[in-house]
>>> print(open('target03.txt').read())   # compact mmCIF, C-alpha atoms
# COMPACT_ATOMS: atom_id res chain seq x y z
CA MET X 1 -249.33 -31.11 73.42
CA ARG X 2 -247.37 -28.04 72.30
CA GLU X 3 -244.27 -29.16 74.19
CA THR X 4 -244.53 -32.66 72.71
CA LEU X 5 -244.77 -31.27 69.19
CA VAL X 6 -241.75 -29.04 69.81
CA VAL X 7 -239.60 -32.03 70.88
CA VAL X 8 -240.82 -34.20 68.00
CA GLY X 9 -240.26 -31.36 65.55
CA LEU X 10 -236.69 -30.83 66.76
CA ALA X 11 -235.96 -34.55 66.46
CA VAL X 12 -237.40 -34.75 62.93
CA LEU X 13 -235.47 -31.64 61.89
CA ALA X 14 -232.26 -33.14 63.30
CA MET X 15 -232.84 -36.39 61.38
CA GLY X 16 -233.38 -34.43 58.19
CA LEU X 17 -230.20 -32.42 58.67
CA ARG X 18 -228.17 -35.56 59.41
CA SER X 19 -229.25 -37.05 56.06
CA SER X 20 -227.72 -34.11 54.17
CA ARG X 21 -224.67 -34.63 51.95
CA ARG X 22 -223.02 -31.47 53.25
CA ALA X 23 -220.95 -31.42 56.43
CA MET X 24 -222.40 -28.27 58.01
CA PRO X 25 -226.07 -29.41 57.95
CA ARG X 26 -224.99 -32.77 59.43
CA LYS X 27 -223.24 -30.99 62.28
CA LEU X 28 -226.34 -28.88 62.86
CA GLY X 29 -228.32 -32.13 62.92
CA ALA X 30 -226.11 -33.47 65.71
CA LEU X 31 -226.70 -30.25 67.62
CA GLY X 32 -230.42 -30.62 66.94
CA PHE X 33 -230.54 -33.97 68.75
CA LEU X 34 -228.87 -32.40 71.78
CA VAL X 35 -231.37 -29.53 71.73
CA ALA X 36 -234.25 -32.03 71.48
CA GLY X 37 -232.94 -33.90 74.53
CA PHE X 38 -232.53 -30.64 76.45
CA ALA X 39 -236.07 -29.53 75.53
CA LEU X 40 -237.56 -32.88 76.59
CA PHE X 41 -236.11 -32.75 80.11
CA TYR X 42 -236.82 -29.02 80.41
CA PHE X 43 -240.50 -29.51 79.59
CA LEU X 44 -240.77 -32.51 81.94
CA THR X 45 -239.22 -30.71 84.93
CA ASP X 46 -239.87 -27.04 84.12
CA CYS X 47 -236.27 -26.44 85.23
CA TRP X 48 -233.72 -25.16 82.74
CA TRP X 49 -230.66 -26.72 84.38
CA CYS X 50 -232.39 -30.14 84.45
CA GLY X 51 -232.51 -29.89 80.67
CA PHE X 52 -228.80 -30.66 80.57
CA PHE X 53 -229.59 -34.17 81.85
CA GLY X 54 -231.34 -34.74 78.51
CA ILE X 55 -228.04 -34.21 76.70
CA ILE X 56 -226.06 -36.80 78.67
CA PRO X 57 -227.76 -39.96 77.24
CA TRP X 58 -226.67 -39.07 73.69
CA PHE X 59 -223.02 -39.25 74.80
CA LEU X 60 -223.58 -42.57 76.59
CA LEU X 61 -225.21 -44.34 73.62
CA PRO X 62 -221.87 -45.69 72.25
CA TRP X 63 -221.36 -47.70 75.44
CA ILE X 64 -224.17 -50.04 74.41
CA GLU X 65 -222.05 -51.33 71.54
CA LEU X 66 -218.77 -50.97 73.44
CA LEU X 67 -219.91 -53.19 76.31
CA THR X 68 -221.60 -55.78 74.09
CA ARG X 69 -220.10 -56.45 70.66
CA ILE X 70 -216.75 -54.68 70.87
CA ARG X 71 -215.81 -55.92 74.36
CA ARG X 72 -216.16 -59.51 73.09
CA MET X 73 -214.16 -58.97 69.90
CA ARG X 74 -210.98 -60.98 69.44
CA LEU X 75 -208.80 -59.78 66.56
CA PRO X 76 -205.73 -61.48 65.03
CA MET X 77 -202.24 -60.18 65.76
CA ASP X 78 -201.07 -61.36 62.33
CA ASN X 79 -203.42 -60.89 59.42
CA SER X 80 -202.53 -61.64 55.82
CA LEU X 81 -203.89 -60.09 52.67
CA ARG X 82 -205.18 -62.55 50.10
CA HIS X 83 -206.17 -62.11 46.49
CA ARG X 84 -209.92 -61.59 46.28
CA THR X 85 -212.48 -60.85 43.65
CA PRO X 86 -214.04 -57.43 44.28
CA PRO X 87 -217.69 -57.48 45.35
CA ASP X 88 -220.61 -56.36 43.21
CA PRO X 89 -220.04 -52.75 42.03
CA ALA X 90 -223.51 -51.94 43.38
CA PHE X 91 -222.00 -52.26 46.89
CA PHE X 92 -218.80 -50.43 45.92
CA PRO X 93 -219.79 -46.74 45.72
CA HIS X 94 -217.88 -44.66 43.14
CA ALA X 95 -215.38 -47.50 42.57
CA SER X 96 -215.56 -47.52 38.78
CA GLU X 97 -215.34 -43.70 38.59
CA ALA X 98 -212.39 -43.63 41.00
CA GLU X 99 -210.54 -46.36 39.10
CA SER X 100 -211.04 -44.53 35.79
CA ALA X 101 -209.72 -41.33 37.38
CA MET X 102 -206.68 -43.21 38.70
CA GLU X 103 -205.92 -44.49 35.21
CA GLU X 104 -206.28 -40.95 33.82
CA ALA X 105 -203.78 -39.76 36.46
CA GLY X 106 -201.26 -42.43 35.39
CA PHE X 107 -201.86 -44.96 38.19
CA ASP X 108 -201.66 -48.60 37.12
CA HIS X 109 -203.66 -51.39 38.71
CA VAL X 110 -201.61 -53.82 40.81
CA ASP X 111 -203.94 -56.28 42.51
CA ASP X 112 -207.30 -56.87 44.19
CA CYS X 113 -206.90 -58.21 47.71
CA GLY X 114 -208.50 -58.15 51.14
CA TRP X 115 -208.70 -59.53 54.65
CA GLU X 116 -211.24 -60.11 57.40
CA TRP X 117 -211.39 -58.51 60.86
CA SER X 118 -213.91 -60.15 63.20
CA GLY X 119 -216.69 -60.30 60.63
CA MET X 120 -215.73 -57.14 58.73
CA GLN X 121 -214.57 -57.71 55.17
CA GLN X 122 -212.05 -55.23 53.75
CA TYR X 123 -211.27 -55.17 50.04
CA PHE X 124 -208.50 -53.18 48.33
CA LYS X 125 -207.93 -52.29 44.68
CA LEU X 126 -204.25 -51.32 44.71
CA HIS X 127 -202.59 -48.97 42.19
CA TRP X 128 -199.22 -47.30 41.81
CA ASN X 129 -197.58 -44.46 39.88
CA PRO X 130 -193.76 -44.30 39.69
CA GLU X 131 -193.77 -40.71 38.41
CA GLU X 132 -195.88 -39.50 41.33
CA ARG X 133 -193.89 -41.79 43.66
CA ALA X 134 -197.22 -42.73 45.21
CA GLU X 135 -199.56 -45.62 45.82
CA SER X 136 -203.35 -45.38 45.74
CA ALA X 137 -206.12 -47.68 46.83
CA ILE X 138 -209.87 -47.91 46.57
CA CYS X 139 -211.08 -49.58 49.75
CA LEU X 140 -214.40 -51.19 50.59
CA CYS X 141 -215.45 -52.12 54.12
CA GLU X 142 -218.44 -54.43 54.41
CA GLN X 143 -220.04 -55.71 57.61
CA GLU X 144 -223.44 -57.39 57.59
CA GLU X 145 -225.70 -54.95 55.71
CA VAL X 146 -223.42 -51.92 56.06
CA ALA X 147 -220.88 -50.99 53.39
CA PHE X 148 -218.83 -47.90 52.64
CA ALA X 149 -215.92 -47.05 50.38
CA PHE X 150 -213.01 -44.63 50.58
CA ILE X 151 -209.81 -43.68 48.74
CA THR X 152 -206.23 -43.39 49.96
CA VAL X 153 -203.09 -41.92 48.39
CA THR X 154 -199.81 -42.86 50.08
CA SER X 155 -196.18 -41.75 49.74
CA ARG X 156 -193.21 -43.18 51.64
CA ASP X 157 -189.92 -41.39 52.23
CA ALA X 158 -186.41 -42.70 52.77
CA GLU X 159 -186.67 -42.22 56.55
CA GLY X 160 -189.56 -44.68 56.81
CA ARG X 161 -192.28 -42.08 57.26
CA ILE X 162 -195.62 -42.66 55.57
CA TRP X 163 -197.61 -39.73 54.23
CA ARG X 164 -201.25 -40.57 53.56
CA THR X 165 -204.27 -38.62 52.34
CA THR X 166 -207.71 -40.21 52.66
CA ASN X 167 -211.41 -39.46 52.65
CA TYR X 168 -212.01 -42.23 55.22
CA PRO X 169 -215.30 -41.21 56.88
CA PHE X 170 -214.64 -42.25 60.48
CA SER X 171 -212.13 -41.71 63.25
CA PRO X 172 -209.50 -44.49 63.47
CA THR X 173 -210.27 -47.37 65.84
CA LEU X 174 -206.60 -47.75 66.82
CA LYS X 175 -203.99 -45.13 67.60
CA CYS X 176 -201.87 -44.30 64.59
CA SER X 177 -198.21 -45.27 64.55
CA PRO X 178 -195.83 -42.31 64.97
CA GLU X 179 -194.35 -42.82 61.51
CA VAL X 180 -197.73 -42.46 59.74
CA LYS X 181 -198.78 -38.88 58.98
CA TRP X 182 -202.47 -38.60 58.09
CA ASN X 183 -204.24 -35.98 56.02
CA HIS X 184 -208.02 -36.41 56.32
CA VAL X 185 -210.19 -34.70 53.71
CA PRO X 186 -214.01 -34.51 53.78
CA CYS X 187 -215.61 -37.89 53.08
CA GLU X 188 -217.94 -36.44 50.43
CA ARG X 189 -214.85 -35.62 48.33
CA ASN X 190 -214.97 -38.66 46.02
CA CYS X 191 -213.06 -37.22 43.04
CA PHE X 192 -209.66 -38.92 42.87
CA HIS X 193 -208.07 -35.99 41.02
CA GLN X 194 -209.01 -33.67 43.89
CA ILE X 195 -207.75 -36.13 46.53
CA LEU X 196 -204.46 -36.48 44.62
CA LYS X 197 -204.12 -32.68 44.56
CA ASP X 198 -204.89 -32.59 48.30
CA HIS X 199 -202.10 -35.13 48.80
CA GLN X 200 -199.64 -33.06 46.77
CA ASP X 201 -200.59 -29.94 48.73
CA PHE X 202 -200.16 -31.94 51.97
CA LEU X 203 -196.62 -32.94 51.01
CA THR X 204 -195.81 -29.34 50.13
CA LYS X 205 -197.27 -28.06 53.40
CA MET X 206 -195.23 -30.58 55.38
CA LYS X 207 -192.10 -29.58 53.38
CA VAL X 208 -191.49 -33.09 52.11
CA ASP X 209 -188.80 -33.15 49.44
CA ARG X 210 -190.12 -34.99 46.38
CA GLU X 211 -186.68 -36.51 45.77
CA SER X 212 -186.79 -38.11 49.23
CA LEU X 213 -189.92 -40.08 48.33
CA GLN X 214 -189.41 -43.71 47.43
CA ILE X 215 -190.67 -45.16 44.16
CA PRO X 216 -193.25 -47.82 45.15
CA ASP X 217 -192.56 -51.48 44.53
CA PRO X 218 -195.77 -52.92 43.07
CA GLU X 219 -194.79 -56.45 44.05
CA GLY X 220 -194.21 -55.44 47.67
CA MET X 221 -197.29 -53.29 48.27
CA GLU X 222 -199.27 -56.02 50.06
CA ALA X 223 -196.31 -56.89 52.31
CA MET X 224 -195.90 -53.21 53.25
CA ILE X 225 -199.58 -52.92 54.17
CA GLU X 226 -199.27 -56.00 56.39
CA ALA X 227 -196.07 -54.66 57.99
CA GLU X 228 -197.75 -51.31 58.64
CA MET X 229 -200.67 -53.03 60.38
CA LYS X 230 -198.30 -55.07 62.57
CA SER X 231 -196.46 -51.88 63.53
CA GLN X 232 -199.76 -50.23 64.48
CA ILE X 233 -200.78 -53.20 66.61
CA ARG X 234 -197.42 -53.12 68.44
CA HIS X 235 -197.82 -49.39 69.05
CA ASN X 236 -201.28 -49.88 70.54
CA LEU X 237 -200.10 -52.76 72.73
CA GLU X 238 -197.39 -50.49 74.13
CA ALA X 239 -199.95 -47.68 74.63
CA GLY X 240 -202.30 -50.01 76.51
CA VAL X 241 -205.19 -49.53 74.07
CA ILE X 242 -205.26 -53.27 73.36
CA ARG X 243 -203.96 -56.34 75.18
CA PRO X 244 -203.13 -59.93 74.18
CA SER X 245 -206.04 -62.35 74.29
CA GLY X 246 -205.29 -66.00 73.76
CA GLU X 247 -202.92 -67.25 71.10
CA ARG X 248 -202.02 -64.57 68.53
CA HIS X 249 -205.13 -62.48 69.18
CA PHE X 250 -205.83 -59.20 70.94
CA GLU X 251 -208.78 -57.42 72.52
CA TYR X 252 -209.53 -53.86 73.62
CA SER X 253 -208.50 -52.98 77.16
CA VAL X 254 -210.51 -50.71 79.47
CA ARG X 255 -208.33 -47.82 78.26
CA GLY X 256 -209.05 -48.92 74.72
CA LEU X 257 -212.81 -48.86 75.30
CA PHE X 258 -212.57 -45.28 76.56
CA PHE X 259 -210.39 -44.43 73.54
CA LEU X 260 -213.07 -45.86 71.22
CA TRP X 261 -215.76 -43.97 73.12
CA GLY X 262 -213.92 -40.73 72.42
CA GLN X 263 -213.66 -41.66 68.74
CA PHE X 264 -217.39 -42.44 68.60
CA ILE X 265 -218.19 -39.05 70.13
CA LYS X 266 -216.03 -37.34 67.52
CA ASP X 267 -217.91 -39.14 64.75
CA MET X 268 -221.31 -38.37 66.30
CA ILE X 269 -220.49 -34.66 66.29
CA ARG X 270 -218.43 -34.47 63.11
CA LEU X 271 -219.79 -37.10 60.69
CA CYS X 272 -217.29 -35.94 58.05
>>> encode(input="target03.txt", output="structure tokens")
Amino acid sequence: MRETLVVVGLAVLAMGLRSSRRAMPRKLGALGFLVAGFALFYFLTDCWWCGFFGIIPWFLLPWIELLTRIRRMRLPMDNSLRHRTPPDPAFFPHASEAESAMEEAGFDHVDDCGWEWSGMQQYFKLHWNPEERAESAICLCEQEEVAFAFITVTSRDAEGRIWRTTNYPFSPTLKCSPEVKWNHVPCERNCFHQILKDHQDFLTKMKVDRESLQIPDPEGMEAMIEAEMKSQIRHNLEAGVIRPSGERHFEYSVRGLFFLWGQFIKDMIRLC
């Protein structure tokens, strides 16, 4: 009974830590699940090295989804943004606060648009600021009963490079194009003013000359997002992460499934 209570206690403690809003407790929670698995197999076999077999299943869990839902996914090669009415603010965390902060920072609203990816709805509230030479977006991803929001700030230079800062909470599901330079900040950082400052610091760190940045074209923002997605799809086709599937669609290859597995493992350990 003592051993059972120890395993249950470790699992409950790990669940509690994973529900924290701070990154460090969440990481400790991930470690707690591994320790619980180790303890379970150790108590069952009374052999310390057998305890490591209790850790392995946690790293294999993503394959359940990879070999079922994701392996059957067929995604469009060409996807177009369309004007859409934003969903209920109750499902759009921090959207109103972020939009107010964008207006305070001099960013003007451009459009509300979105697209669909195999059942996942993505909505964008696009903004721009000619003085900052930057675009910003509040993004909502919604799939079935799961929804999350994030913010991006983007600058583009004359050489075609894209500099982007975001609090997107997960690892990317496709390899990034070489011309896109990402700056990920913690997902709990929801203050737009702080994210904008992080973006400015990122440009300074990367020694990007402000004068080389292009002033955004508000009328062409949607077309540039679509062109960027097409470039990313081409890059992943060349890398073998995805492969054509039927007319104007693609699916994940075996290499792509292993790539996604690695991304899932990162998220399981990191979670922001």
>>> residues_around(input="target03.txt", residues="Met221 in chain X", least_positions_apart="6", cutoff="12 Å", atoms="all atoms listed in the file", output="ChimeraX atom specification")
/X:81,109-113,124-128,134-137,154-156,215,227-228
>>> closest_residue(input="target03.txt", among="X:Glu104, X:Asp209, X:Asp88, X:Glu222", to="Leu196 in chain X", atoms="all atoms listed in the file")
X:Glu104
>>> residues_around(input="target03.txt", residues="Ala39 in chain X", least_positions_apart="5", cutoff="12 Å", atoms="all atoms listed in the file", output="list in words")
Arg2, Glu3, Thr4, Leu5, Val6, Val7, Val8, Gly9, Leu10, Ala11, Gly32, Phe33, Leu34, Leu44, Thr45, Asp46, Cys47, Trp48, Trp49, Cys50, Gly51, Phe52, Phe53, Gly54 and Ile55 of chain X
>>> closest_residue(input="target03.txt", among="X:Ala158, X:Val241, X:Ile225, X:Cys176", to="Ser80 in chain X", atoms="all atoms listed in the file")
X:Ile225
>>> atom_distance(input="target03.txt", atom1="CA of Pro25 in chain X", atom2="CA of Met268 in chain X")
13.1 Å
>>> closest_residue(input="target03.txt", among="X:Glu219, X:Trp115, X:Glu188, X:Arg72", to="Arg84 in chain X", atoms="only C-alpha atoms")
X:Trp115
>>> atom_distance(input="target03.txt", atom1="CA of Arg164 in chain X", atom2="CA of Glu226 in chain X")
15.8 Å
>>> closest_residue(input="target03.txt", among="X:Leu66, X:Ala95, X:Ala36, X:Val146", to="Phe259 in chain X", atoms="all atoms listed in the file")
X:Leu66
>>> atom_distance(input="target03.txt", atom1="CA of Val185 in chain X", atom2="CA of Leu31 in chain X")
22.0 Å
>>> residues_around(input="target03.txt", residues="range 244-256 of chain X", least_positions_apart="2", cutoff="10 Å", atoms="all atoms listed in the file", output="list in words")
Leu66, Ile70, Arg71, Arg72, Met73, Arg74, Leu75, Pro76, Met77, Asp78, Asn79, Thr173, Leu174, Lys175, Ile233, Asn236, Leu237, Ala239, Gly240, Val241, Ile242, Phe258, Phe259, Leu260, Trp261 and Gly262 of chain X
>>> closest_residue(input="target03.txt", among="X:Trp117, X:Tyr168, X:Phe264, X:Trp163", to="Trp63 in chain X", atoms="only C-alpha atoms")
X:Phe264
>>> closest_residue(input="target03.txt", among="X:Lys205, X:Phe150, X:Pro86, X:Pro169", to="Gln263 in chain X", atoms="all atoms listed in the file")
X:Pro169
>>> residues_around(input="target03.txt", residues="Cys191 in chain X", least_positions_apart="6", cutoff="12 Å", atoms="only C-alpha atoms", output="PyMOL selection string")
chain X and resi 93-102+105+138+150-152+166-167+185+197-198
